[in-house]
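What follows is the content of structure.json (JSON, C-alpha atoms).
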[["chain", "number", "residue", "atom", "x", "y", "z"],
["A", 1, "MET", "CA", 3.65, -230.09, -92.90],
["A", 2, "GLU", "CA", 5.26, -232.22, -90.19],
["A", 3, "GLN", "CA", 1.85, -233.59, -89.29],
["A", 4, "LEU", "CA", 1.08, -234.40, -92.92],
["A", 5, "ALA", "CA", 4.42, -236.22, -93.22],
["A", 6, "LYS", "CA", 3.46, -238.41, -90.24],
["A", 7, "THR", "CA", 0.02, -239.23, -91.62],
["A", 8, "MET", "CA", -0.76, -242.26, -93.77],
["A", 9, "PRO", "CA", -1.31, -241.38, -97.47],
["A", 10, "SER", "CA", -4.69, -243.14, -97.40],
["A", 11, "VAL", "CA", -5.87, -240.81, -94.62],
["A", 12, "ILE", "CA", -4.68, -237.71, -96.50],
["A", 13, "ILE", "CA", -6.43, -238.88, -99.67],
["A", 14, "GLY", "CA", -9.57, -239.60, -97.63],
["A", 15, "ILE", "CA", -9.74, -236.18, -95.97],
["A", 16, "CYS", "CA", -9.06, -234.42, -99.27],
["A", 17, "ALA", "CA", -11.83, -236.44, -100.94],
["A", 18, "MET", "CA", -14.20, -235.42, -98.13],
["A", 19, "THR", "CA", -13.49, -231.73, -98.67],
["A", 20, "VAL", "CA", -14.03, -232.10, -102.43],
["A", 21, "GLY", "CA", -17.39, -233.73, -101.66],
["A", 22, "TYR", "CA", -18.25, -230.78, -99.42],
["A", 23, "HIS", "CA", -17.55, -228.29, -102.19],
["A", 24, "LEU", "CA", -19.48, -230.33, -104.76],
["A", 25, "MET", "CA", -22.50, -230.11, -102.46],
["A", 26, "GLU", "CA", -21.84, -226.40, -101.90],
["A", 27, "GLY", "CA", -21.85, -225.92, -105.67],
["A", 28, "LEU", "CA", -25.24, -227.61, -105.92],
["A", 29, "ILE", "CA", -26.68, -225.32, -103.23],
["A", 30, "THR", "CA", -25.31, -222.20, -104.94],
["A", 31, "MET", "CA", -26.72, -223.38, -108.28],
["A", 32, "LEU", "CA", -30.22, -223.87, -106.83],
["A", 33, "LEU", "CA", -30.24, -220.36, -105.34],
["A", 34, "ALA", "CA", -28.59, -218.62, -108.31],
["A", 35, "ARG", "CA", -31.03, -220.17, -110.79],
["A", 36, "GLU", "CA", -33.80, -218.17, -109.14],
["A", 37, "TYR", "CA", -32.21, -215.14, -110.82],
["A", 38, "ASN", "CA", -30.34, -216.69, -113.75],
["A", 39, "PRO", "CA", -31.87, -219.94, -115.11],
["A", 40, "ASP", "CA", -28.69, -220.59, -117.11],
["A", 41, "PHE", "CA", -26.45, -220.74, -114.03],
["A", 42, "SER", "CA", -24.79, -224.17, -114.30],
["A", 43, "TYR", "CA", -23.67, -226.67, -111.68],
["A", 44, "GLY", "CA", -20.06, -226.24, -112.83],
["A", 45, "LYS", "CA", -20.28, -222.52, -112.10],
["A", 46, "GLY", "CA", -21.65, -223.31, -108.64],
["A", 47, "VAL", "CA", -18.68, -225.58, -107.89],
["A", 48, "GLY", "CA", -16.31, -222.98, -109.33],
["A", 49, "ASN", "CA", -17.82, -220.39, -107.01],
["A", 50, "ALA", "CA", -17.31, -222.67, -104.00],
["A", 51, "PHE", "CA", -13.58, -223.11, -104.69],
["A", 52, "PHE", "CA", -13.17, -219.46, -105.77],
["A", 53, "CYS", "CA", -14.53, -218.34, -102.39],
["A", 54, "SER", "CA", -12.31, -220.86, -100.59],
["A", 55, "PHE", "CA", -9.25, -219.28, -102.18],
["A", 56, "TYR", "CA", -10.21, -215.79, -101.02],
["A", 57, "ARG", "CA", -11.29, -217.06, -97.60],
["A", 58, "VAL", "CA", -7.64, -217.96, -96.98],
["A", 59, "ALA", "CA", -6.11, -215.08, -98.94],
["A", 60, "THR", "CA", -8.09, -212.52, -96.90],
["A", 61, "LEU", "CA", -8.37, -214.53, -93.64],
["A", 62, "GLY", "CA", -12.11, -214.90, -94.06],
["A", 63, "SER", "CA", -13.10, -211.30, -94.79],
["A", 64, "GLY", "CA", -13.11, -211.54, -98.60],
["A", 65, "ALA", "CA", -15.11, -214.72, -99.19],
["A", 66, "GLY", "CA", -18.43, -212.86, -99.41],
["A", 67, "VAL", "CA", -17.04, -210.22, -101.75],
["A", 68, "ALA", "CA", -15.54, -212.96, -103.94],
["A", 69, "ALA", "CA", -18.92, -214.70, -104.12],
["A", 70, "VAL", "CA", -20.72, -211.49, -105.16],
["A", 71, "ILE", "CA", -18.11, -210.81, -107.86],
["A", 72, "TYR", "CA", -18.21, -214.38, -109.20],
["A", 73, "LEU", "CA", -22.02, -214.44, -109.25],
["A", 74, "GLY", "CA", -22.03, -211.03, -110.95],
["A", 75, "GLU", "CA", -19.79, -212.35, -113.71],
["A", 76, "ASN", "CA", -22.23, -215.21, -114.24],
["A", 77, "GLY", "CA", -25.50, -213.40, -114.65],
["A", 78, "VAL", "CA", -26.50, -212.54, -111.07],
["A", 79, "GLU", "CA", -26.54, -208.79, -110.34],
["A", 80, "HIS", "CA", -24.26, -207.65, -107.51],
["A", 81, "SER", "CA", -27.07, -206.40, -105.28],
["A", 82, "ILE", "CA", -28.92, -209.68, -105.74],
["A", 83, "GLY", "CA", -25.72, -211.68, -105.31],
["A", 84, "PHE", "CA", -25.09, -209.98, -101.97],
["A", 85, "GLY", "CA", -28.55, -210.95, -100.74],
["A", 86, "LEU", "CA", -28.12, -214.47, -102.08],
["A", 87, "TYR", "CA", -24.80, -214.88, -100.28],
["A", 88, "MET", "CA", -26.20, -213.52, -97.02],
["A", 89, "LEU", "CA", -29.13, -215.91, -97.14],
["A", 90, "GLN", "CA", -26.88, -218.82, -98.07],
["A", 91, "TYR", "CA", -24.70, -217.99, -95.07],
["A", 92, "ALA", "CA", -27.78, -217.82, -92.82],
["A", 93, "PHE", "CA", -28.92, -221.22, -94.11],
["A", 94, "HIS", "CA", -25.39, -222.47, -93.45],
["A", 95, "LYS", "CA", -25.61, -221.35, -89.81],
["A", 96, "ILE", "CA", -29.01, -223.03, -89.45],
["A", 97, "SER", "CA", -27.64, -226.26, -90.90],
["A", 98, "ILE", "CA", -24.71, -226.25, -88.44],
["A", 99, "ALA", "CA", -27.06, -225.91, -85.47],
["A", 100, "LEU", "CA", -29.49, -228.48, -86.92],
["A", 101, "PHE", "CA", -26.71, -231.01, -87.56],
["A", 102, "SER", "CA", -25.33, -230.51, -84.05],
["A", 103, "VAL", "CA", -28.76, -230.92, -82.41],
["A", 104, "ILE", "CA", -29.52, -234.10, -84.38],
["A", 105, "PHE", "CA", -26.22, -235.82, -83.60],
["A", 106, "PHE", "CA", -26.16, -234.55, -80.02],
["A", 107, "CYS", "CA", -29.55, -236.19, -79.45],
["A", 108, "VAL", "CA", -28.57, -239.40, -81.26],
["A", 109, "SER", "CA", -25.42, -239.63, -79.09],
["A", 110, "TRP", "CA", -27.08, -238.23, -75.97],
["A", 111, "ASN", "CA", -25.65, -240.72, -73.44],
["A", 112, "TYR", "CA", -22.15, -240.39, -74.88],
["A", 113, "MET", "CA", -22.25, -236.58, -75.08],
["A", 114, "TYR", "CA", -23.79, -236.19, -71.63],
["A", 115, "ALA", "CA", -21.12, -238.45, -70.11],
["A", 116, "HIS", "CA", -18.31, -236.29, -71.52],
["A", 117, "PHE", "CA", -19.76, -232.78, -71.48],
["A", 118, "SER", "CA", -22.47, -232.67, -68.80],
["A", 119, "SER", "CA", -20.44, -230.24, -66.67],
["A", 120, "TYR", "CA", -20.35, -227.78, -69.59],
["A", 121, "MET", "CA", -24.02, -228.08, -70.49],
["A", 122, "TRP", "CA", -24.84, -224.44, -69.75],
["A", 123, "LEU", "CA", -21.99, -223.31, -71.99],
["A", 124, "LEU", "CA", -23.25, -225.57, -74.77],
["A", 125, "MET", "CA", -26.75, -224.13, -74.44],
["A", 126, "ALA", "CA", -25.27, -220.62, -74.58],
["A", 127, "GLY", "CA", -23.48, -221.60, -77.80],
["A", 128, "TYR", "CA", -26.75, -222.77, -79.35],
["A", 129, "ALA", "CA", -28.47, -219.56, -78.23],
["A", 130, "VAL", "CA", -25.78, -217.31, -79.75],
["A", 131, "THR", "CA", -25.89, -219.27, -83.02],
["A", 132, "ILE", "CA", -29.67, -218.82, -83.20],
["A", 133, "ILE", "CA", -29.38, -215.09, -82.47],
["A", 134, "ILE", "CA", -26.73, -214.60, -85.18],
["A", 135, "THR", "CA", -28.89, -216.49, -87.69],
["A", 136, "LEU", "CA", -31.99, -214.45, -86.85],
["A", 137, "ILE", "CA", -30.07, -211.18, -87.23],
["A", 138, "LEU", "CA", -28.77, -212.28, -90.64],
["A", 139, "ILE", "CA", -32.27, -213.19, -91.84],
["A", 140, "LEU", "CA", -33.75, -209.96, -90.48],
["A", 141, "LEU", "CA", -30.97, -207.96, -92.13],
["A", 142, "CYS", "CA", -31.77, -209.64, -95.43],
["A", 143, "CYS", "CA", -35.53, -209.33, -95.62],
["A", 144, "SER", "CA", -37.19, -207.51, -92.69],
["A", 145, "THR", "CA", -38.59, -204.04, -93.44],
["A", 146, "ALA", "CA", -39.30, -203.46, -89.72],
["A", 147, "PHE", "CA", -35.71, -204.37, -88.79],
["A", 148, "HIS", "CA", -34.35, -201.98, -91.42],
["A", 149, "LYS", "CA", -36.64, -199.22, -90.13],
["A", 150, "VAL", "CA", -35.33, -199.63, -86.55],
["A", 151, "LEU", "CA", -31.74, -199.88, -87.80],
["A", 152, "PHE", "CA", -31.91, -196.63, -89.77],
["A", 153, "GLN", "CA", -33.72, -194.82, -86.98],
["A", 154, "PHE", "CA", -30.74, -195.63, -84.79],
["A", 155, "LEU", "CA", -28.22, -194.66, -87.51],
["A", 156, "ASP", "CA", -30.03, -191.36, -88.17],
["A", 157, "TRP", "CA", -30.02, -190.57, -84.44],
["A", 158, "LEU", "CA", -26.31, -191.39, -84.24],
["A", 159, "ASP", "CA", -25.60, -189.30, -87.35],
["A", 160, "ARG", "CA", -27.35, -186.27, -85.81],
["A", 161, "LYS", "CA", -25.14, -186.61, -82.74],
["A", 162, "LEU", "CA", -22.11, -186.56, -85.07],
["A", 163, "ASN", "CA", -23.22, -183.42, -86.94],
["A", 164, "ARG", "CA", -24.43, -185.30, -90.06],
["A", 165, "ARG", "CA", -20.97, -186.51, -91.00],
["A", 166, "PHE", "CA", -22.25, -189.78, -92.46],
["A", 167, "ASP", "CA", -25.32, -188.69, -94.44],
["A", 168, "VAL", "CA", -23.94, -189.95, -97.76],
["A", 169, "GLN", "CA", -22.87, -193.33, -96.37],
["A", 170, "ILE", "CA", -26.20, -193.91, -94.61],
["A", 171, "ALA", "CA", -28.14, -192.98, -97.76],
["A", 172, "SER", "CA", -26.03, -195.44, -99.76],
["A", 173, "LEU", "CA", -26.56, -198.14, -97.14],
["A", 174, "ARG", "CA", -30.31, -197.50, -97.18],
["A", 175, "GLY", "CA", -30.40, -198.10, -100.94],
["A", 176, "GLU", "CA", -28.33, -201.27, -100.61],
["A", 177, "CYS", "CA", -30.64, -202.61, -97.90],
["A", 178, "GLN", "CA", -33.69, -201.97, -100.07],
["A", 179, "MET", "CA", -32.15, -203.95, -102.94],
["A", 180, "LEU", "CA", -31.05, -206.65, -100.50],
["A", 181, "GLU", "CA", -34.57, -206.88, -99.12],
["A", 182, "ARG", "CA", -36.16, -207.24, -102.56],
["A", 183, "ALA", "CA", -33.69, -209.95, -103.59],
["A", 184, "SER", "CA", -33.97, -211.91, -100.34],
["A", 185, "LYS", "CA", -37.75, -211.89, -100.10],
["A", 186, "HIS", "CA", -37.94, -213.62, -103.48],
["A", 187, "ILE", "CA", -36.09, -216.65, -102.05],
["A", 188, "ILE", "CA", -37.71, -216.60, -98.60],
["A", 189, "LYS", "CA", -41.15, -216.90, -100.23],
["A", 190, "LYS", "CA", -40.05, -220.18, -101.86],
["A", 191, "LYS", "CA", -40.51, -222.34, -98.77],
["A", 192, "ARG", "CA", -39.76, -225.60, -100.56],
["A", 193, "LEU", "CA", -36.48, -224.21, -101.88],
["A", 194, "VAL", "CA", -35.52, -222.93, -98.40],
["A", 195, "VAL", "CA", -36.17, -226.33, -96.81],
["A", 196, "GLU", "CA", -34.30, -228.09, -99.62],
["A", 197, "VAL", "CA", -31.25, -225.82, -99.25],
["A", 198, "ILE", "CA", -31.15, -226.23, -95.46],
["A", 199, "LEU", "CA", -31.40, -230.03, -95.76],
["A", 200, "LEU", "CA", -28.70, -230.12, -98.45],
["A", 201, "SER", "CA", -26.50, -227.90, -96.29],
["A", 202, "THR", "CA", -26.99, -230.26, -93.35],
["A", 203, "VAL", "CA", -26.02, -233.28, -95.49],
["A", 204, "ARG", "CA", -23.06, -231.32, -96.89],
["A", 205, "ASN", "CA", -21.71, -230.76, -93.37],
["A", 206, "ALA", "CA", -21.31, -234.52, -92.94],
["A", 207, "PHE", "CA", -18.37, -234.45, -95.37],
["A", 208, "TRP", "CA", -16.35, -232.14, -93.13],
["A", 209, "TYR", "CA", -17.59, -233.45, -89.79],
["A", 210, "GLY", "CA", -16.62, -236.98, -90.78],
["A", 211, "ILE", "CA", -12.99, -236.02, -91.41],
["A", 212, "PRO", "CA", -11.82, -236.52, -87.78],
["A", 213, "TYR", "CA", -13.13, -240.10, -87.85],
["A", 214, "LEU", "CA", -10.74, -240.91, -90.71],
["A", 215, "ILE", "CA", -7.91, -239.53, -88.57],
["A", 216, "PHE", "CA", -8.95, -241.33, -85.38],
["A", 217, "ALA", "CA", -9.66, -244.70, -87.04],
["A", 218, "GLY", "CA", -7.21, -247.27, -85.71],
["A", 219, "HIS", "CA", -6.16, -245.06, -82.79],
["A", 220, "THR", "CA", -9.37, -244.99, -80.75],
["A", 221, "GLU", "CA", -12.74, -246.72, -80.46],
["A", 222, "VAL", "CA", -14.82, -243.57, -81.00],
["A", 223, "THR", "CA", -17.56, -244.18, -83.60],
["A", 224, "LEU", "CA", -18.43, -242.14, -86.68],
["A", 225, "VAL", "CA", -21.66, -240.85, -85.14],
["A", 226, "GLN", "CA", -19.89, -239.84, -81.92],
["A", 227, "THR", "CA", -17.11, -238.13, -83.87],
["A", 228, "MET", "CA", -19.61, -236.17, -85.95],
["A", 229, "ALA", "CA", -21.51, -235.15, -82.81],
["A", 230, "VAL", "CA", -18.40, -233.73, -81.12],
["A", 231, "THR", "CA", -17.04, -232.14, -84.32],
["A", 232, "SER", "CA", -20.31, -230.40, -85.17],
["A", 233, "LEU", "CA", -20.53, -229.10, -81.61],
["A", 234, "SER", "CA", -16.96, -227.78, -81.72],
["A", 235, "ILE", "CA", -17.51, -226.01, -85.06],
["A", 236, "MET", "CA", -20.74, -224.43, -83.84],
["A", 237, "LEU", "CA", -19.11, -223.17, -80.64],
["A", 238, "ALA", "CA", -15.99, -221.94, -82.45],
["A", 239, "ALA", "CA", -18.15, -219.96, -84.89],
["A", 240, "VAL", "CA", -19.38, -217.63, -82.12],
["A", 241, "ILE", "CA", -15.80, -216.63, -81.22],
["A", 242, "PRO", "CA", -14.80, -213.52, -83.24],
["A", 243, "ALA", "CA", -11.65, -214.67, -85.02],
["A", 244, "PRO", "CA", -10.60, -214.12, -88.68],
["A", 245, "GLY", "CA", -11.67, -217.17, -90.69],
["A", 246, "GLY", "CA", -12.13, -219.10, -87.46],
["A", 247, "ILE", "CA", -8.33, -219.38, -87.23],
["A", 248, "GLY", "CA", -7.30, -220.31, -83.71],
["A", 249, "SER", "CA", -10.83, -220.56, -82.33],
["A", 250, "THR", "CA", -11.61, -223.71, -84.32],
["A", 251, "GLU", "CA", -8.39, -225.42, -83.24],
["A", 252, "LEU", "CA", -8.88, -224.34, -79.62],
["A", 253, "VAL", "CA", -12.45, -225.63, -79.26],
["A", 254, "PHE", "CA", -11.82, -228.73, -81.39],
["A", 255, "THR", "CA", -8.78, -229.74, -79.33],
["A", 256, "SER", "CA", -10.48, -228.92, -76.02],
["A", 257, "LEU", "CA", -13.54, -231.08, -76.74],
["A", 258, "PHE", "CA", -11.65, -234.04, -78.20],
["A", 259, "ALA", "CA", -8.77, -233.98, -75.67],
["A", 260, "GLY", "CA", -10.84, -235.73, -73.01],
["A", 261, "ILE", "CA", -11.89, -238.41, -75.51],
["A", 262, "VAL", "CA", -8.80, -239.27, -77.58],
["A", 263, "GLY", "CA", -6.02, -237.48, -75.68],
["A", 264, "THR", "CA", -4.47, -234.06, -76.19],
["A", 265, "GLY", "CA", -1.78, -235.22, -78.63],
["A", 266, "LEU", "CA", -4.13, -236.96, -81.05],
["A", 267, "ALA", "CA", -6.74, -234.20, -80.69],
["A", 268, "GLY", "CA", -4.15, -231.53, -81.55],
["A", 269, "SER", "CA", -2.92, -233.52, -84.55],
["A", 270, "ALA", "CA", -6.49, -233.99, -85.78],
["A", 271, "ALA", "CA", -7.15, -230.24, -85.41],
["A", 272, "LEU", "CA", -4.17, -229.45, -87.66],
["A", 273, "LEU", "CA", -5.22, -232.01, -90.27],
["A", 274, "TYR", "CA", -8.81, -230.75, -90.11],
["A", 275, "ARG", "CA", -7.55, -227.22, -90.75],
["A", 276, "PHE", "CA", -5.52, -228.45, -93.73],
["A", 277, "ALA", "CA", -8.48, -230.35, -95.22],
["A", 278, "THR", "CA", -11.08, -227.60, -94.76],
["A", 279, "PHE", "CA", -8.94, -224.49, -95.23],
["A", 280, "ILE", "CA", -5.64, -225.06, -97.03],
["A", 281, "PHE", "CA", -6.56, -227.80, -99.51],
["A", 282, "PRO", "CA", -9.64, -225.94, -100.89],
["A", 283, "PHE", "CA", -7.44, -222.84, -101.14],
["A", 284, "ILE", "CA", -4.99, -224.77, -103.35],
["A", 285, "LEU", "CA", -7.78, -226.00, -105.62],
["A", 286, "GLY", "CA", -9.31, -222.52, -105.70],
["A", 287, "LEU", "CA", -5.95, -221.15, -106.86],
["A", 288, "PHE", "CA", -6.41, -222.98, -110.17],
["A", 289, "ILE", "CA", -9.81, -221.29, -110.60],
["A", 290, "VAL", "CA", -8.22, -217.88, -109.96],
["A", 291, "ILE", "CA", -5.37, -218.54, -112.42],
["A", 292, "ALA", "CA", -7.82, -219.75, -115.09],
["A", 293, "ARG", "CA", -9.90, -216.57, -114.66],
["A", 294, "ARG", "CA", -6.80, -214.39, -114.96],
["A", 295, "ILE", "CA", -5.72, -216.18, -118.16],
["A", 296, "GLN", "CA", -9.22, -215.88, -119.62],
["A", 297, "GLY", "CA", -9.33, -212.20, -118.64],
["A", 298, "ARG", "CA", -6.08, -211.51, -120.51],
["A", 299, "LYS", "CA", -7.34, -213.37, -123.60],
["A", 300, "ASP", "CA", -10.54, -211.29, -123.57],
["A", 301, "THR", "CA", -8.47, -208.11, -123.24],
["A", 302, "TYR", "CA", -6.29, -208.96, -126.24],
["A", 303, "ASP", "CA", -9.30, -210.04, -128.29]]
Starting from the coordinates I provided, produce the structure as structure tokens.
Amino acid sequence: MEQLAKTMPSVIIGICAMTVGYHLMEGLITMLLAREYNPDFSYGKGVGNAFFCSFYRVATLGSGAGVAAVIYLGENGVEHSIGFGLYMLQYAFHKISIALFSVIFFCVSWNYMYAHFSSYMWLLMAGYAVTIIITLILILLCCSTAFHKVLFQFLDWLDRKLNRRFDVQIASLRGECQMLERASKHIIKKKRLVVEVILLSTVRNAFWYGIPYLIFAGHTEVTLVQTMAVTSLSIMLAAVIPAPGGIGSTELVFTSLFAGIVGTGLAGSAALLYRFATFIFPFILGLFIVIARRIQGRKDTYD
């Protein structure tokens, strides 16, 4: 709050507008995927889902966003098992878009990035590698029969060692994975849709990755392209650190990368404002969606 009080109103309005743009794009992506299962799924419902998930991402420190998405999609004509697969694939496409965005802007700003981060190049490559591995595991978990076979062979072996204590849970998980596989393969087969969603996700990221430029403008000579290159890199690297909702890891990596460019003070301030714009502000807007659903639920109950 102190940092917000020190920031020009025009900057606050700008960063809030950027996060609204991000969620409008997110709503479009959700609509395109959901319409594969419910042709009547509207753009407004896609945007509502984006802000609904943002509310629960903060309320549960990141752990409940996926569950919230499945529930919201289920209430709007997408079965829960299908909604789970849809969300998993959308998250995998999100991870791909982060890496793609970072690679593009890293290459475009190669001389600038190499000058500032050449001594950490092996760490950066490790970050890219981990991101790719996580994405591949997500995709395999969604739609690979062979991966599921190996996974359940391991779980069955482990269950035998534990005197069959988890037979019921493993059987339930097996059924869920079969439904997940059927739902995911339907989307994976639509190559044009997959490419379109990944490209839209990459464009969507520009709304958030451009936020630091609005904060730095007038304080430093760093360009928009350079800012996006460093921001995308910091978000990608922070994502491989296991922290609830990216809290702490995002600020740490963001501040560390920008400190050598704009100074520690300005980098730390930008990290706080970035957290507000991408985490707290969407949560506030999502709160109105939650309240509206509660009011509608009570009306339906009385009716």
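With only C-alpha atoms as the atoms that count, the minimum distance from Leu272 (chain A) to the choices A:Glu251, A:Asp40, A:Glu26, A:Glu176 is reached by A:Glu251.
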*Best match for closeness to Lys95 (chain A) among A:Val20, A:Val67, A:Leu162, A:Val240, counting only C-alpha atoms*: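 Closest candidate: A:Val240.
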*Please indicate the distance in Å from CA of Phe41 (chain A) to CA of Ala68 (chain A), rounded to one decimal place.*
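It comes out at 16.8 Å.
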*For each of A:Leu287, A:Leu141, A:Leu124, A:Ala206, take the minimum atom-to-atom distance to Ala238 (chain A), counting only C-alpha atoms, then give the residue where this is smallest.*
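Answer, going by the shortest atom-to-atom distance: A:Leu124.
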Using only C-alpha atoms, find each residue of region 123-226 of chain A with at least one atom at most 12 Å away from an atom of region 278-284 of chain A; report its shortest atom-to-atom pair and that distance in Å (one decimal), sort the rows by chain and rising residue number, and return the result as CSV.
residue,atom,partner,partner_atom,distance
A:Asn205,CA,A:Thr278,CA,11.2
A:Phe207,CA,A:Thr278,CA,10.0
A:Trp208,CA,A:Thr278,CA,7.1
A:Tyr209,CA,A:Thr278,CA,10.1
A:Gly210,CA,A:Thr278,CA,11.6
A:Ile211,CA,A:Thr278,CA,9.3
A:Pro212,CA,A:Thr278,CA,11.4
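In this comparison, which uses all atoms listed in the file, the residue of A:Ala277, A:Ile96, A:Ile82, A:Ala115 approaching Ile12 (chain A) most closely is A:Ala277.
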*Extract, using all atoms listed in the file, all DNA, RNA and protein residues at most 10 Å from region 59-66 of chain A, discarding same-chain residues fewer than 4 positions from it, and format them as a ChimeraX atom specification.*
/A:50,52-55,70-72,83-84,87-88,91,243-247,283,287
*Go ahead and compute the interatomic distance for CA of Leu200 (chain A) and CA of Ser97 (chain A), in Å to one decimal.*
8.5 Å
*Of the candidates A:Phe117, A:Glu75, A:Ser81, A:Val225, which shows the shortest atom-to-atom distance to Leu173 (chain A), using all atoms listed in the file?*
A:Ser81
*Name all residues at most 9 Å from Gln90 (chain A) (count only C-alpha atoms; drop same-chain ones fewer than 6 positions away) and give them as a PyMOL selection string.*
chain A and resi 29-30+33+197-198
C-alpha atoms of the current selection, written as a compact mmCIF listing (two decimals), in the coordinates of the input:
# COMPACT_ATOMS: atom_id res chain seq x y z
CA ILE A 29 -26.68 -225.32 -103.23
CA THR A 30 -25.31 -222.20 -104.94
CA LEU A 33 -30.24 -220.36 -105.34
CA VAL A 197 -31.25 -225.82 -99.25
CA ILE A 198 -31.15 -226.23 -95.46
*asked:* Which residues are close to Ser269 (chain A), i.e. within 9 Å by all atoms listed in the file, leaving aside same-chain residues fewer than 3 positions away? Reply as number ranges by chain.
replied: A: 3, 215, 255, 264-266, 272-274
*Between CA of Glu181 (chain A) and CA of Ser144 (chain A), what is the spacing in Å?*
7.0 Å
Kindly provide, as JSON, the centre and edge lengths (Å, one decimal) of an axis-aligned box around all atoms of region 63-74 of chain A given in the file, with 8 Å on each side.
{"center_x": -17.6, "center_y": -212.5, "center_z": -102.9, "size_x": 24.9, "size_y": 20.5, "size_z": 32.2}
